[in-house]
Structures are given as structure tokens and as C-alpha cells.
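Novice: Structure file coords22.cif, mmCIF, N, CA and C atoms; chains and numbers go by the auth columns, is pasted below:
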```
data_upload
loop_
_atom_site.group_PDB
_atom_site.id
_atom_site.type_symbol
_atom_site.label_atom_id
_atom_site.label_comp_id
_atom_site.label_asym_id
_atom_site.label_seq_id
_atom_site.Cartn_x
_atom_site.Cartn_y
_atom_site.Cartn_z
_atom_site.B_iso_or_equiv
_atom_site.auth_seq_id
_atom_site.auth_asym_id
ATOM 1 N N MET A 1 -10.452 -17.831 -12.788 0.00 161 L
ATOM 2 C CA MET A 1 -11.223 -17.194 -11.753 0.00 161 L
ATOM 3 C C MET A 1 -10.308 -16.322 -10.914 0.00 161 L
ATOM 4 N N ALA A 2 -10.683 -15.091 -10.690 0.00 162 L
ATOM 5 C CA ALA A 2 -9.886 -14.156 -9.897 0.00 162 L
ATOM 6 C C ALA A 2 -9.969 -14.511 -8.420 0.00 162 L
ATOM 7 N N ALA A 3 -8.889 -14.232 -7.718 0.00 163 L
ATOM 8 C CA ALA A 3 -8.833 -14.503 -6.281 0.00 163 L
ATOM 9 C C ALA A 3 -8.369 -13.254 -5.554 0.00 163 L
ATOM 10 N N SER A 4 -8.754 -13.145 -4.302 0.00 164 L
ATOM 11 C CA SER A 4 -8.316 -12.036 -3.463 0.00 164 L
ATOM 12 C C SER A 4 -7.496 -12.588 -2.313 0.00 164 L
ATOM 13 N N ILE A 5 -6.436 -11.888 -1.969 0.00 165 L
ATOM 14 C CA ILE A 5 -5.555 -12.280 -0.877 0.00 165 L
ATOM 15 C C ILE A 5 -5.560 -11.164 0.148 0.00 165 L
ATOM 16 N N LEU A 6 -5.814 -11.492 1.415 0.00 166 L
ATOM 17 C CA LEU A 6 -5.788 -10.515 2.500 0.00 166 L
ATOM 18 C C LEU A 6 -4.464 -10.636 3.230 0.00 166 L
ATOM 19 N N ARG A 7 -3.789 -9.506 3.423 0.00 167 L
ATOM 20 C CA ARG A 7 -2.518 -9.481 4.141 0.00 167 L
ATOM 21 C C ARG A 7 -2.522 -8.356 5.162 0.00 167 L
ATOM 22 N N SER A 8 -1.803 -8.551 6.251 0.00 168 L
ATOM 23 C CA SER A 8 -1.520 -7.500 7.215 0.00 168 L
ATOM 24 C C SER A 8 -0.069 -7.103 6.992 0.00 168 L
ATOM 25 N N VAL A 9 0.195 -5.812 6.901 0.00 169 L
ATOM 26 C CA VAL A 9 1.527 -5.317 6.551 0.00 169 L
ATOM 27 C C VAL A 9 1.993 -4.349 7.625 0.00 169 L
ATOM 28 N N THR A 10 3.290 -4.341 7.889 0.00 170 L
ATOM 29 C CA THR A 10 3.885 -3.361 8.786 0.00 170 L
ATOM 30 C C THR A 10 4.462 -2.222 7.955 0.00 170 L
ATOM 31 N N ALA A 11 4.068 -1.001 8.270 0.00 171 L
ATOM 32 C CA ALA A 11 4.637 0.177 7.608 0.00 171 L
ATOM 33 C C ALA A 11 5.878 0.583 8.387 0.00 171 L
ATOM 34 N N THR A 12 6.973 0.794 7.688 0.00 172 L
ATOM 35 C CA THR A 12 8.219 1.176 8.332 0.00 172 L
ATOM 36 C C THR A 12 8.456 2.671 8.198 0.00 172 L
ATOM 37 N N ALA A 13 9.530 3.148 8.798 0.00 173 L
ATOM 38 C CA ALA A 13 9.852 4.573 8.765 0.00 173 L
ATOM 39 C C ALA A 13 10.538 4.977 7.460 0.00 173 L
ATOM 40 N N SER A 14 10.594 4.083 6.497 0.00 174 L
ATOM 41 C CA SER A 14 11.031 4.408 5.142 0.00 174 L
ATOM 42 C C SER A 14 10.164 3.600 4.182 0.00 174 L
ATOM 43 N N TYR A 15 10.076 4.052 2.942 0.00 175 L
ATOM 44 C CA TYR A 15 9.214 3.360 1.980 0.00 175 L
ATOM 45 C C TYR A 15 9.655 1.910 1.788 0.00 175 L
ATOM 46 N N VAL A 16 8.681 1.012 1.772 0.00 176 L
ATOM 47 C CA VAL A 16 8.924 -0.403 1.507 0.00 176 L
ATOM 48 C C VAL A 16 7.842 -0.907 0.556 0.00 176 L
ATOM 49 N N ALA A 17 8.250 -1.743 -0.403 0.00 177 L
ATOM 50 C CA ALA A 17 7.301 -2.285 -1.377 0.00 177 L
ATOM 51 C C ALA A 17 6.402 -3.337 -0.732 0.00 177 L
ATOM 52 N N LEU A 18 5.190 -3.442 -1.239 0.00 178 L
ATOM 53 C CA LEU A 18 4.298 -4.521 -0.812 0.00 178 L
ATOM 54 C C LEU A 18 4.837 -5.846 -1.328 0.00 178 L
ATOM 55 N N ALA A 19 4.193 -6.924 -0.964 0.00 179 L
ATOM 56 C CA ALA A 19 4.639 -8.273 -1.333 0.00 179 L
ATOM 57 C C ALA A 19 4.694 -8.461 -2.848 0.00 179 L
ATOM 58 N N ASP A 20 5.566 -9.344 -3.273 0.00 180 L
ATOM 59 C CA ASP A 20 5.730 -9.693 -4.677 0.00 180 L
ATOM 60 C C ASP A 20 4.659 -10.732 -5.040 0.00 180 L
ATOM 61 N N ILE A 21 3.442 -10.217 -5.322 0.00 181 L
ATOM 62 C CA ILE A 21 2.294 -11.070 -5.635 0.00 181 L
ATOM 63 C C ILE A 21 1.625 -10.526 -6.905 0.00 181 L
ATOM 64 N N PRO A 22 1.392 -11.367 -7.906 0.00 182 L
ATOM 65 C CA PRO A 22 0.682 -10.895 -9.098 0.00 182 L
ATOM 66 C C PRO A 22 -0.643 -10.247 -8.705 0.00 182 L
ATOM 67 N N ALA A 23 -0.948 -9.112 -9.329 0.00 183 L
ATOM 68 C CA ALA A 23 -2.163 -8.374 -8.955 0.00 183 L
ATOM 69 C C ALA A 23 -2.634 -7.488 -10.090 0.00 183 L
ATOM 70 N N THR A 24 -3.914 -7.145 -10.029 0.00 184 L
ATOM 71 C CA THR A 24 -4.488 -6.133 -10.918 0.00 184 L
ATOM 72 C C THR A 24 -4.975 -4.928 -10.123 0.00 184 L
ATOM 73 N N ARG A 25 -5.304 -5.153 -8.843 0.00 185 L
ATOM 74 C CA ARG A 25 -5.785 -4.087 -7.971 0.00 185 L
ATOM 75 C C ARG A 25 -5.334 -4.390 -6.550 0.00 185 L
ATOM 76 N N VAL A 26 -4.976 -3.307 -5.830 0.00 186 L
ATOM 77 C CA VAL A 26 -4.575 -3.430 -4.429 0.00 186 L
ATOM 78 C C VAL A 26 -5.404 -2.441 -3.622 0.00 186 L
ATOM 79 N N SER A 27 -6.084 -2.932 -2.596 0.00 187 L
ATOM 80 C CA SER A 27 -6.855 -2.077 -1.697 0.00 187 L
ATOM 81 C C SER A 27 -6.133 -2.032 -0.354 0.00 187 L
ATOM 82 N N ILE A 28 -5.989 -0.816 0.187 0.00 188 L
ATOM 83 C CA ILE A 28 -5.241 -0.619 1.426 0.00 188 L
ATOM 84 C C ILE A 28 -6.136 0.065 2.443 0.00 188 L
ATOM 85 N N LEU A 29 -6.220 -0.517 3.645 0.00 189 L
ATOM 86 C CA LEU A 29 -6.952 0.058 4.767 0.00 189 L
ATOM 87 C C LEU A 29 -5.947 0.442 5.840 0.00 189 L
ATOM 88 N N ASN A 30 -5.981 1.697 6.262 0.00 190 L
ATOM 89 C CA ASN A 30 -5.061 2.198 7.278 0.00 190 L
ATOM 90 C C ASN A 30 -5.738 2.161 8.645 0.00 190 L
ATOM 91 N N LYS A 31 -5.332 1.216 9.485 0.00 191 L
ATOM 92 C CA LYS A 31 -5.823 1.124 10.864 0.00 191 L
ATOM 93 C C LYS A 31 -4.643 1.237 11.832 0.00 191 L
ATOM 94 N N THR A 32 -3.676 2.092 11.502 0.00 192 L
ATOM 95 C CA THR A 32 -2.444 2.206 12.273 0.00 192 L
ATOM 96 C C THR A 32 -2.536 3.207 13.418 0.00 192 L
ATOM 97 N N GLY A 33 -3.492 4.115 13.343 0.00 193 L
ATOM 98 C CA GLY A 33 -3.525 5.222 14.296 0.00 193 L
ATOM 99 C C GLY A 33 -2.625 6.363 13.858 0.00 193 L
ATOM 100 N N GLN A 34 -1.953 6.185 12.728 0.00 194 L
ATOM 101 C CA GLN A 34 -1.023 7.179 12.179 0.00 194 L
ATOM 102 C C GLN A 34 -1.369 7.448 10.713 0.00 194 L
ATOM 103 N N THR A 35 -0.778 8.475 10.158 0.00 195 L
ATOM 104 C CA THR A 35 -0.929 8.751 8.735 0.00 195 L
ATOM 105 C C THR A 35 -0.034 7.800 7.949 0.00 195 L
ATOM 106 N N LEU A 36 -0.548 7.278 6.842 0.00 196 L
ATOM 107 C CA LEU A 36 0.177 6.361 5.977 0.00 196 L
ATOM 108 C C LEU A 36 0.410 7.057 4.640 0.00 196 L
ATOM 109 N N PHE A 37 1.598 6.881 4.093 0.00 197 L
ATOM 110 C CA PHE A 37 1.940 7.455 2.798 0.00 197 L
ATOM 111 C C PHE A 37 2.114 6.315 1.799 0.00 197 L
ATOM 112 N N ILE A 38 1.509 6.471 0.623 0.00 198 L
ATOM 113 C CA ILE A 38 1.510 5.431 -0.401 0.00 198 L
ATOM 114 C C ILE A 38 2.064 6.034 -1.681 0.00 198 L
ATOM 115 N N GLN A 39 2.938 5.273 -2.327 0.00 199 L
ATOM 116 C CA GLN A 39 3.626 5.776 -3.513 0.00 199 L
ATOM 117 C C GLN A 39 3.763 4.651 -4.533 0.00 199 L
ATOM 118 N N MET A 40 3.663 4.983 -5.802 0.00 200 L
ATOM 119 C CA MET A 40 3.943 4.008 -6.849 0.00 200 L
ATOM 120 C C MET A 40 5.463 3.853 -6.932 0.00 200 L
ATOM 121 N N ALA A 41 5.947 2.625 -6.979 0.00 201 L
ATOM 122 C CA ALA A 41 7.383 2.352 -6.953 0.00 201 L
ATOM 123 C C ALA A 41 8.130 2.990 -8.119 0.00 201 L
ATOM 124 N N ASN A 42 7.472 3.153 -9.247 0.00 202 L
ATOM 125 C CA ASN A 42 8.130 3.726 -10.415 0.00 202 L
ATOM 126 C C ASN A 42 7.953 5.242 -10.521 0.00 202 L
ATOM 127 N N ASP A 43 7.335 5.878 -9.549 0.00 203 L
ATOM 128 C CA ASP A 43 7.129 7.335 -9.566 0.00 203 L
ATOM 129 C C ASP A 43 7.438 7.899 -8.189 0.00 203 L
ATOM 130 N N VAL A 44 8.680 8.225 -7.961 0.00 204 L
ATOM 131 C CA VAL A 44 9.125 8.697 -6.648 0.00 204 L
ATOM 132 C C VAL A 44 9.243 10.226 -6.602 0.00 204 L
ATOM 133 N N THR A 45 8.558 10.919 -7.501 0.00 205 L
ATOM 134 C CA THR A 45 8.544 12.368 -7.525 0.00 205 L
ATOM 135 C C THR A 45 7.946 12.908 -6.228 0.00 205 L
ATOM 136 N N ALA A 46 8.620 13.873 -5.622 0.00 206 L
ATOM 137 C CA ALA A 46 8.124 14.467 -4.380 0.00 206 L
ATOM 138 C C ALA A 46 6.715 15.016 -4.586 0.00 206 L
ATOM 139 N N GLY A 47 5.858 14.803 -3.597 0.00 207 L
ATOM 140 C CA GLY A 47 4.498 15.316 -3.646 0.00 207 L
ATOM 141 C C GLY A 47 3.539 14.468 -4.452 0.00 207 L
ATOM 142 N N ARG A 48 3.975 13.321 -4.956 0.00 208 L
ATOM 143 C CA ARG A 48 3.108 12.465 -5.769 0.00 208 L
ATOM 144 C C ARG A 48 2.593 11.258 -4.998 0.00 208 L
ATOM 145 N N GLU A 49 2.695 11.292 -3.670 0.00 209 L
ATOM 146 C CA GLU A 49 2.205 10.176 -2.879 0.00 209 L
ATOM 147 C C GLU A 49 0.761 10.419 -2.445 0.00 209 L
ATOM 148 N N ILE A 50 0.108 9.337 -2.063 0.00 210 L
ATOM 149 C CA ILE A 50 -1.225 9.407 -1.478 0.00 210 L
ATOM 150 C C ILE A 50 -1.043 9.482 0.027 0.00 210 L
ATOM 151 N N VAL A 51 -1.683 10.444 0.663 0.00 211 L
ATOM 152 C CA VAL A 51 -1.634 10.577 2.119 0.00 211 L
ATOM 153 C C VAL A 51 -2.947 10.010 2.645 0.00 211 L
ATOM 154 N N LEU A 52 -2.834 8.941 3.436 0.00 212 L
ATOM 155 C CA LEU A 52 -4.014 8.213 3.890 0.00 212 L
ATOM 156 C C LEU A 52 -4.111 8.290 5.411 0.00 212 L
ATOM 157 N N ALA A 53 -5.081 9.040 5.890 0.00 213 L
ATOM 158 C CA ALA A 53 -5.286 9.189 7.336 0.00 213 L
ATOM 159 C C ALA A 53 -5.782 7.878 7.937 0.00 213 L
ATOM 160 N N ASP A 54 -5.609 7.732 9.238 0.00 214 L
ATOM 161 C CA ASP A 54 -6.067 6.544 9.952 0.00 214 L
ATOM 162 C C ASP A 54 -7.559 6.321 9.725 0.00 214 L
ATOM 163 N N GLY A 55 -7.938 5.078 9.473 0.00 215 L
ATOM 164 C CA GLY A 55 -9.337 4.719 9.280 0.00 215 L
ATOM 165 C C GLY A 55 -9.822 4.818 7.851 0.00 215 L
ATOM 166 N N LEU A 56 -8.998 5.364 6.962 0.00 216 L
ATOM 167 C CA LEU A 56 -9.399 5.495 5.559 0.00 216 L
ATOM 168 C C LEU A 56 -8.801 4.378 4.726 0.00 216 L
ATOM 169 N N SER A 57 -9.358 4.200 3.528 0.00 217 L
ATOM 170 C CA SER A 57 -8.847 3.179 2.618 0.00 217 L
ATOM 171 C C SER A 57 -8.747 3.736 1.210 0.00 217 L
ATOM 172 N N VAL A 58 -8.004 3.045 0.370 0.00 218 L
ATOM 173 C CA VAL A 58 -7.852 3.429 -1.027 0.00 218 L
ATOM 174 C C VAL A 58 -7.676 2.148 -1.838 0.00 218 L
ATOM 175 N N SER A 59 -8.146 2.166 -3.079 0.00 219 L
ATOM 176 C CA SER A 59 -7.983 1.057 -4.000 0.00 219 L
ATOM 177 C C SER A 59 -7.195 1.562 -5.206 0.00 219 L
ATOM 178 N N ILE A 60 -6.141 0.846 -5.573 0.00 220 L
ATOM 179 C CA ILE A 60 -5.235 1.288 -6.633 0.00 220 L
ATOM 180 C C ILE A 60 -5.093 0.184 -7.674 0.00 220 L
ATOM 181 N N SER A 61 -5.279 0.520 -8.934 0.00 221 L
ATOM 182 C CA SER A 61 -5.027 -0.428 -10.018 0.00 221 L
ATOM 183 C C SER A 61 -3.535 -0.480 -10.289 0.00 221 L
ATOM 184 N N VAL A 62 -3.010 -1.684 -10.497 0.00 222 L
ATOM 185 C CA VAL A 62 -1.596 -1.860 -10.815 0.00 222 L
ATOM 186 C C VAL A 62 -1.479 -2.603 -12.134 0.00 222 L
ATOM 187 N N VAL A 63 -0.301 -2.546 -12.732 0.00 223 L
ATOM 188 C CA VAL A 63 -0.093 -3.194 -14.022 0.00 223 L
ATOM 189 C C VAL A 63 -0.028 -4.708 -13.876 0.00 223 L
ATOM 190 N N ALA A 64 0.798 -5.198 -12.921 0.00 224 L
ATOM 191 C CA ALA A 64 0.982 -6.649 -12.848 0.00 224 L
ATOM 192 C C ALA A 64 1.252 -7.200 -11.451 0.00 224 L
ATOM 193 N N ASN A 65 1.646 -6.350 -10.486 0.00 225 L
ATOM 194 C CA ASN A 65 2.131 -6.890 -9.224 0.00 225 L
ATOM 195 C C ASN A 65 1.907 -5.909 -8.074 0.00 225 L
ATOM 196 N N ALA A 66 1.626 -6.436 -6.893 0.00 226 L
ATOM 197 C CA ALA A 66 1.425 -5.594 -5.706 0.00 226 L
ATOM 198 C C ALA A 66 2.683 -4.812 -5.335 0.00 226 L
ATOM 199 N N LYS A 67 3.868 -5.338 -5.684 0.00 227 L
ATOM 200 C CA LYS A 67 5.114 -4.649 -5.334 0.00 227 L
ATOM 201 C C LYS A 67 5.300 -3.332 -6.096 0.00 227 L
ATOM 202 N N GLU A 68 4.382 -3.004 -6.992 0.00 228 L
ATOM 203 C CA GLU A 68 4.417 -1.708 -7.669 0.00 228 L
ATOM 204 C C GLU A 68 4.048 -0.581 -6.700 0.00 228 L
ATOM 205 N N ILE A 69 3.544 -0.943 -5.519 0.00 229 L
ATOM 206 C CA ILE A 69 3.126 0.033 -4.511 0.00 229 L
ATOM 207 C C ILE A 69 4.069 -0.029 -3.322 0.00 229 L
ATOM 208 N N ARG A 70 4.450 1.156 -2.829 0.00 230 L
ATOM 209 C CA ARG A 70 5.304 1.251 -1.643 0.00 230 L
ATOM 210 C C ARG A 70 4.553 2.031 -0.573 0.00 230 L
ATOM 211 N N ILE A 71 4.753 1.663 0.705 0.00 231 L
ATOM 212 C CA ILE A 71 4.100 2.363 1.811 0.00 231 L
ATOM 213 C C ILE A 71 5.128 2.802 2.843 0.00 231 L
ATOM 214 N N TYR A 72 4.713 3.790 3.655 0.00 232 L
ATOM 215 C CA TYR A 72 5.608 4.366 4.652 0.00 232 L
ATOM 216 C C TYR A 72 4.775 5.027 5.742 0.00 232 L
ATOM 217 N N SER A 73 5.234 4.931 6.977 0.00 233 L
ATOM 218 C CA SER A 73 4.653 5.665 8.094 0.00 233 L
ATOM 219 C C SER A 73 5.798 6.259 8.889 0.00 233 L
ATOM 220 N N ALA A 74 5.730 7.533 9.213 0.00 234 L
ATOM 221 C CA ALA A 74 6.830 8.215 9.896 0.00 234 L
ATOM 222 C C ALA A 74 7.216 7.529 11.200 0.00 234 L
ATOM 223 N N THR A 75 6.260 6.903 11.856 0.00 235 L
ATOM 224 C CA THR A 75 6.532 6.262 13.139 0.00 235 L
ATOM 225 C C THR A 75 6.824 4.771 13.004 0.00 235 L
ATOM 226 N N GLY A 76 6.569 4.182 11.864 0.00 236 L
ATOM 227 C CA GLY A 76 6.709 2.745 11.701 0.00 236 L
ATOM 228 C C GLY A 76 5.680 2.048 12.574 0.00 236 L
ATOM 229 N N THR A 77 4.754 1.321 11.992 0.00 237 L
ATOM 230 C CA THR A 77 3.641 0.793 12.762 0.00 237 L
ATOM 231 C C THR A 77 2.974 -0.384 12.062 0.00 237 L
ATOM 232 N N THR A 78 2.261 -1.185 12.837 0.00 238 L
ATOM 233 C CA THR A 78 1.451 -2.261 12.269 0.00 238 L
ATOM 234 C C THR A 78 0.033 -1.739 12.061 0.00 238 L
ATOM 235 N N GLY A 79 -0.800 -2.544 11.434 0.00 239 L
ATOM 236 C CA GLY A 79 -2.199 -2.160 11.270 0.00 239 L
ATOM 237 C C GLY A 79 -2.572 -1.738 9.869 0.00 239 L
ATOM 238 N N VAL A 80 -1.730 -2.068 8.888 0.00 240 L
ATOM 239 C CA VAL A 80 -2.066 -1.809 7.494 0.00 240 L
ATOM 240 C C VAL A 80 -2.623 -3.115 6.932 0.00 240 L
ATOM 241 N N TYR A 81 -3.827 -3.054 6.393 0.00 241 L
ATOM 242 C CA TYR A 81 -4.467 -4.234 5.827 0.00 241 L
ATOM 243 C C TYR A 81 -4.571 -4.062 4.316 0.00 241 L
ATOM 244 N N VAL A 82 -4.165 -5.092 3.582 0.00 242 L
ATOM 245 C CA VAL A 82 -4.072 -5.025 2.138 0.00 242 L
ATOM 246 C C VAL A 82 -4.871 -6.188 1.543 0.00 242 L
ATOM 247 N N VAL A 83 -5.720 -5.878 0.565 0.00 243 L
ATOM 248 C CA VAL A 83 -6.392 -6.915 -0.217 0.00 243 L
ATOM 249 C C VAL A 83 -5.821 -6.828 -1.623 0.00 243 L
ATOM 250 N N ILE A 84 -5.253 -7.934 -2.076 0.00 244 L
ATOM 251 C CA ILE A 84 -4.626 -7.999 -3.396 0.00 244 L
ATOM 252 C C ILE A 84 -5.527 -8.839 -4.290 0.00 244 L
ATOM 253 N N ASP A 85 -6.011 -8.236 -5.358 0.00 245 L
ATOM 254 C CA ASP A 85 -6.880 -8.928 -6.329 0.00 245 L
ATOM 255 C C ASP A 85 -6.042 -9.321 -7.538 0.00 245 L
ATOM 256 N N ASN A 86 -6.154 -10.589 -7.927 0.00 246 L
ATOM 257 C CA ASN A 86 -5.440 -11.023 -9.131 0.00 246 L
ATOM 258 C C ASN A 86 -6.311 -11.912 -9.982 0.00 246 L
#
```
The structure given in the file should be rewritten as C-alpha cells.

Specialist:
Amino acid sequence: MAASILRSVTATASYVALADIPATRVSILNKTGQTLFIQMANDVTAGREIVLADGLSVSISVVANAKEIRIYSATGTTGVYVVIDN
């Protein structure tokens, strides 16, 4: 049976990976008041990130783990909510 895990994450002023939790899908809600940048850990090509404005959300399929996703906010802030489905 699949389970979902809800986490609150702090976005820092440099990219940081999400938690090391087995996953098939990660949903991210940006309630920081700032723009959030999301990047796949294995694809750090400039311009290949998702730019997520405050109040928006995105759902991303991953191969095996939530740590495949990295997040960043220029100001470093709390208010990122993550649902990890495994």
C-alpha cells in the first residue's frame, strides 16, 4: 500500500536536496512569499530549473527517491511544503 509523507522544508540560498526518502512522486507547494527554484539533482544545466512563484505548486515524478530533487530560494526561507508519495 502506498503512503504519503508531508514535510515542511526550509529553502536555503543555495540548492539543497530534499530528504533521503524512497519516493515515486514529490509534490511541492511554495508558501514562502518568495520565488522558489526547483532542479533535478542529476541535471544541473543552466536554465533547466522550474521557477515556482509563491502560492503555486508542482508535482514531479522521480525514479526512486525524493533527494533527486533540489530546491533553492535566493533569500533562504521557510514555508515549502512537500508531499512525498512512495

Novice: DSSP on the backbone, then: every residue of chain L marked strand (DSSP E), written as a count of residues only.

Specialist: 42

Novice: Can you work out which one of L:Val223, L:Glu209, L:Gly215, L:Ala171 has the shortest atom-to-atom distance to Gln194 of chain L, counting all atoms listed in the file?

Specialist: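 Of the candidates, the smallest distance to Gln194 of chain L is held by L:Gly215.
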
Novice: For this file, the PyMOL selection byres ((chain L and resi 238) around 6.5) selects which residues, as number ranges by chain?

Specialist: L: 169-171, 191-192, 236-237, 239-240

Novice: Could you turn the residues from that selection into a file that holds N, CA and C atoms, as a compact mmCIF listing (two decimals), in the coordinates of the input?

Specialist:
```
# COMPACT_ATOMS: atom_id res chain seq x y z
N VAL L 169 0.20 -5.81 6.90
CA VAL L 169 1.53 -5.32 6.55
C VAL L 169 1.99 -4.35 7.62
N THR L 170 3.29 -4.34 7.89
CA THR L 170 3.88 -3.36 8.79
C THR L 170 4.46 -2.22 7.96
N ALA L 171 4.07 -1.00 8.27
CA ALA L 171 4.64 0.18 7.61
C ALA L 171 5.88 0.58 8.39
N LYS L 191 -5.33 1.22 9.48
CA LYS L 191 -5.82 1.12 10.86
C LYS L 191 -4.64 1.24 11.83
N THR L 192 -3.68 2.09 11.50
CA THR L 192 -2.44 2.21 12.27
C THR L 192 -2.54 3.21 13.42
N GLY L 236 6.57 4.18 11.86
CA GLY L 236 6.71 2.74 11.70
C GLY L 236 5.68 2.05 12.57
N THR L 237 4.75 1.32 11.99
CA THR L 237 3.64 0.79 12.76
C THR L 237 2.97 -0.38 12.06
N GLY L 239 -0.80 -2.54 11.43
CA GLY L 239 -2.20 -2.16 11.27
C GLY L 239 -2.57 -1.74 9.87
N VAL L 240 -1.73 -2.07 8.89
CA VAL L 240 -2.07 -1.81 7.49
C VAL L 240 -2.62 -3.12 6.93
```

Novice: Taking the file above as input, evaluate the PyMOL selection byres ((chain L and resi 183) around 5) and report the hits as a list in words.

Specialist: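 Applying the PyMOL selection byres ((chain L and resi 183) around 5) to the structure shown produces Ile181, Pro182, Thr184, Arg185, Ala224, Asn225, Ala226, Asp245 and Asn246 of chain L.
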
Novice: Could you jot down the atom N of Leu189 of chain L to atom N of Asn202 of chain L separation for me, Å, one decimal place?

Specialist: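 Taking atom N of Leu189 of chain L and atom N of Asn202 of chain L, their separation equals 19.2 Å.
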
Novice: Could you spell out the hits of the PyMOL selection byres ((chain L and resi 216) around 7) on the shown file, as a PyMOL selection string?

Specialist: chain L and resi 188-191+212-215+217-218

Novice: Which residue, L:Ala179, L:Val242, L:Ile231, L:Ala163, has the smallest gap to Phe197 of chain L when you use only N, CA and C atoms?

Specialist: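 Using only N, CA and C atoms, Phe197 of chain L sits closest to L:Ile231.
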
Novice: Could you tell me, as a PyMOL selection string, which residues have any atom at most 8 Å from (8.8, -5.3, -1.8), counting all atoms listed in the file?

Specialist: chain L and resi 176-180+226-230

Novice: Any chance you can output those residues with N, CA and C atoms as an mmCIF file, keeping the file's coordinate frame?

Specialist:
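So the final result, stored in selection32.cif, reads:
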```
data_model
loop_
_atom_site.group_PDB
_atom_site.id
_atom_site.type_symbol
_atom_site.label_atom_id
_atom_site.label_comp_id
_atom_site.auth_asym_id
_atom_site.auth_seq_id
_atom_site.Cartn_x
_atom_site.Cartn_y
_atom_site.Cartn_z
ATOM 1 N N VAL L 176 8.681 1.012 1.772
ATOM 2 C CA VAL L 176 8.924 -0.403 1.507
ATOM 3 C C VAL L 176 7.842 -0.907 0.556
ATOM 4 N N ALA L 177 8.250 -1.743 -0.403
ATOM 5 C CA ALA L 177 7.301 -2.285 -1.377
ATOM 6 C C ALA L 177 6.402 -3.337 -0.732
ATOM 7 N N LEU L 178 5.190 -3.442 -1.239
ATOM 8 C CA LEU L 178 4.298 -4.521 -0.812
ATOM 9 C C LEU L 178 4.837 -5.846 -1.328
ATOM 10 N N ALA L 179 4.193 -6.924 -0.964
ATOM 11 C CA ALA L 179 4.639 -8.273 -1.333
ATOM 12 C C ALA L 179 4.694 -8.461 -2.848
ATOM 13 N N ASP L 180 5.566 -9.344 -3.273
ATOM 14 C CA ASP L 180 5.730 -9.693 -4.677
ATOM 15 C C ASP L 180 4.659 -10.732 -5.040
ATOM 16 N N ALA L 226 1.626 -6.436 -6.893
ATOM 17 C CA ALA L 226 1.425 -5.594 -5.706
ATOM 18 C C ALA L 226 2.683 -4.812 -5.335
ATOM 19 N N LYS L 227 3.868 -5.338 -5.684
ATOM 20 C CA LYS L 227 5.114 -4.649 -5.334
ATOM 21 C C LYS L 227 5.300 -3.332 -6.096
ATOM 22 N N GLU L 228 4.382 -3.004 -6.992
ATOM 23 C CA GLU L 228 4.417 -1.708 -7.669
ATOM 24 C C GLU L 228 4.048 -0.581 -6.700
ATOM 25 N N ILE L 229 3.544 -0.943 -5.519
ATOM 26 C CA ILE L 229 3.126 0.033 -4.511
ATOM 27 C C ILE L 229 4.069 -0.029 -3.322
ATOM 28 N N ARG L 230 4.450 1.156 -2.829
ATOM 29 C CA ARG L 230 5.304 1.251 -1.643
ATOM 30 C C ARG L 230 4.553 2.031 -0.573
#
```

Novice: For the atom pair atom CA of Ser219 of chain L and atom N of Ser233 of chain L, what is the interatomic distance in Å to one decimal place?

Specialist: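 Distance reported for this atom pair: 17.6 Å.
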
Novice: How many Å lie between atom CA of Ser221 of chain L and atom CA of Ser164 of chain L, rounded to one decimal?

Specialist: 13.7 Å

Novice: Got a sec: who's within 6 Å of Ala234 of chain L, counting all atoms listed in the file, leaving out chain neighbours fewer than 4 positions off, as a ChimeraX atom specification?

Specialist: /L:172-173,195

Novice: Name all residues at most 8 Å from Ile210 of chain L (count only N, CA and C atoms; drop same-chain ones fewer than 6 positions away) and give them as a VMD selection string.

Specialist: chain L and resid 196 to 200
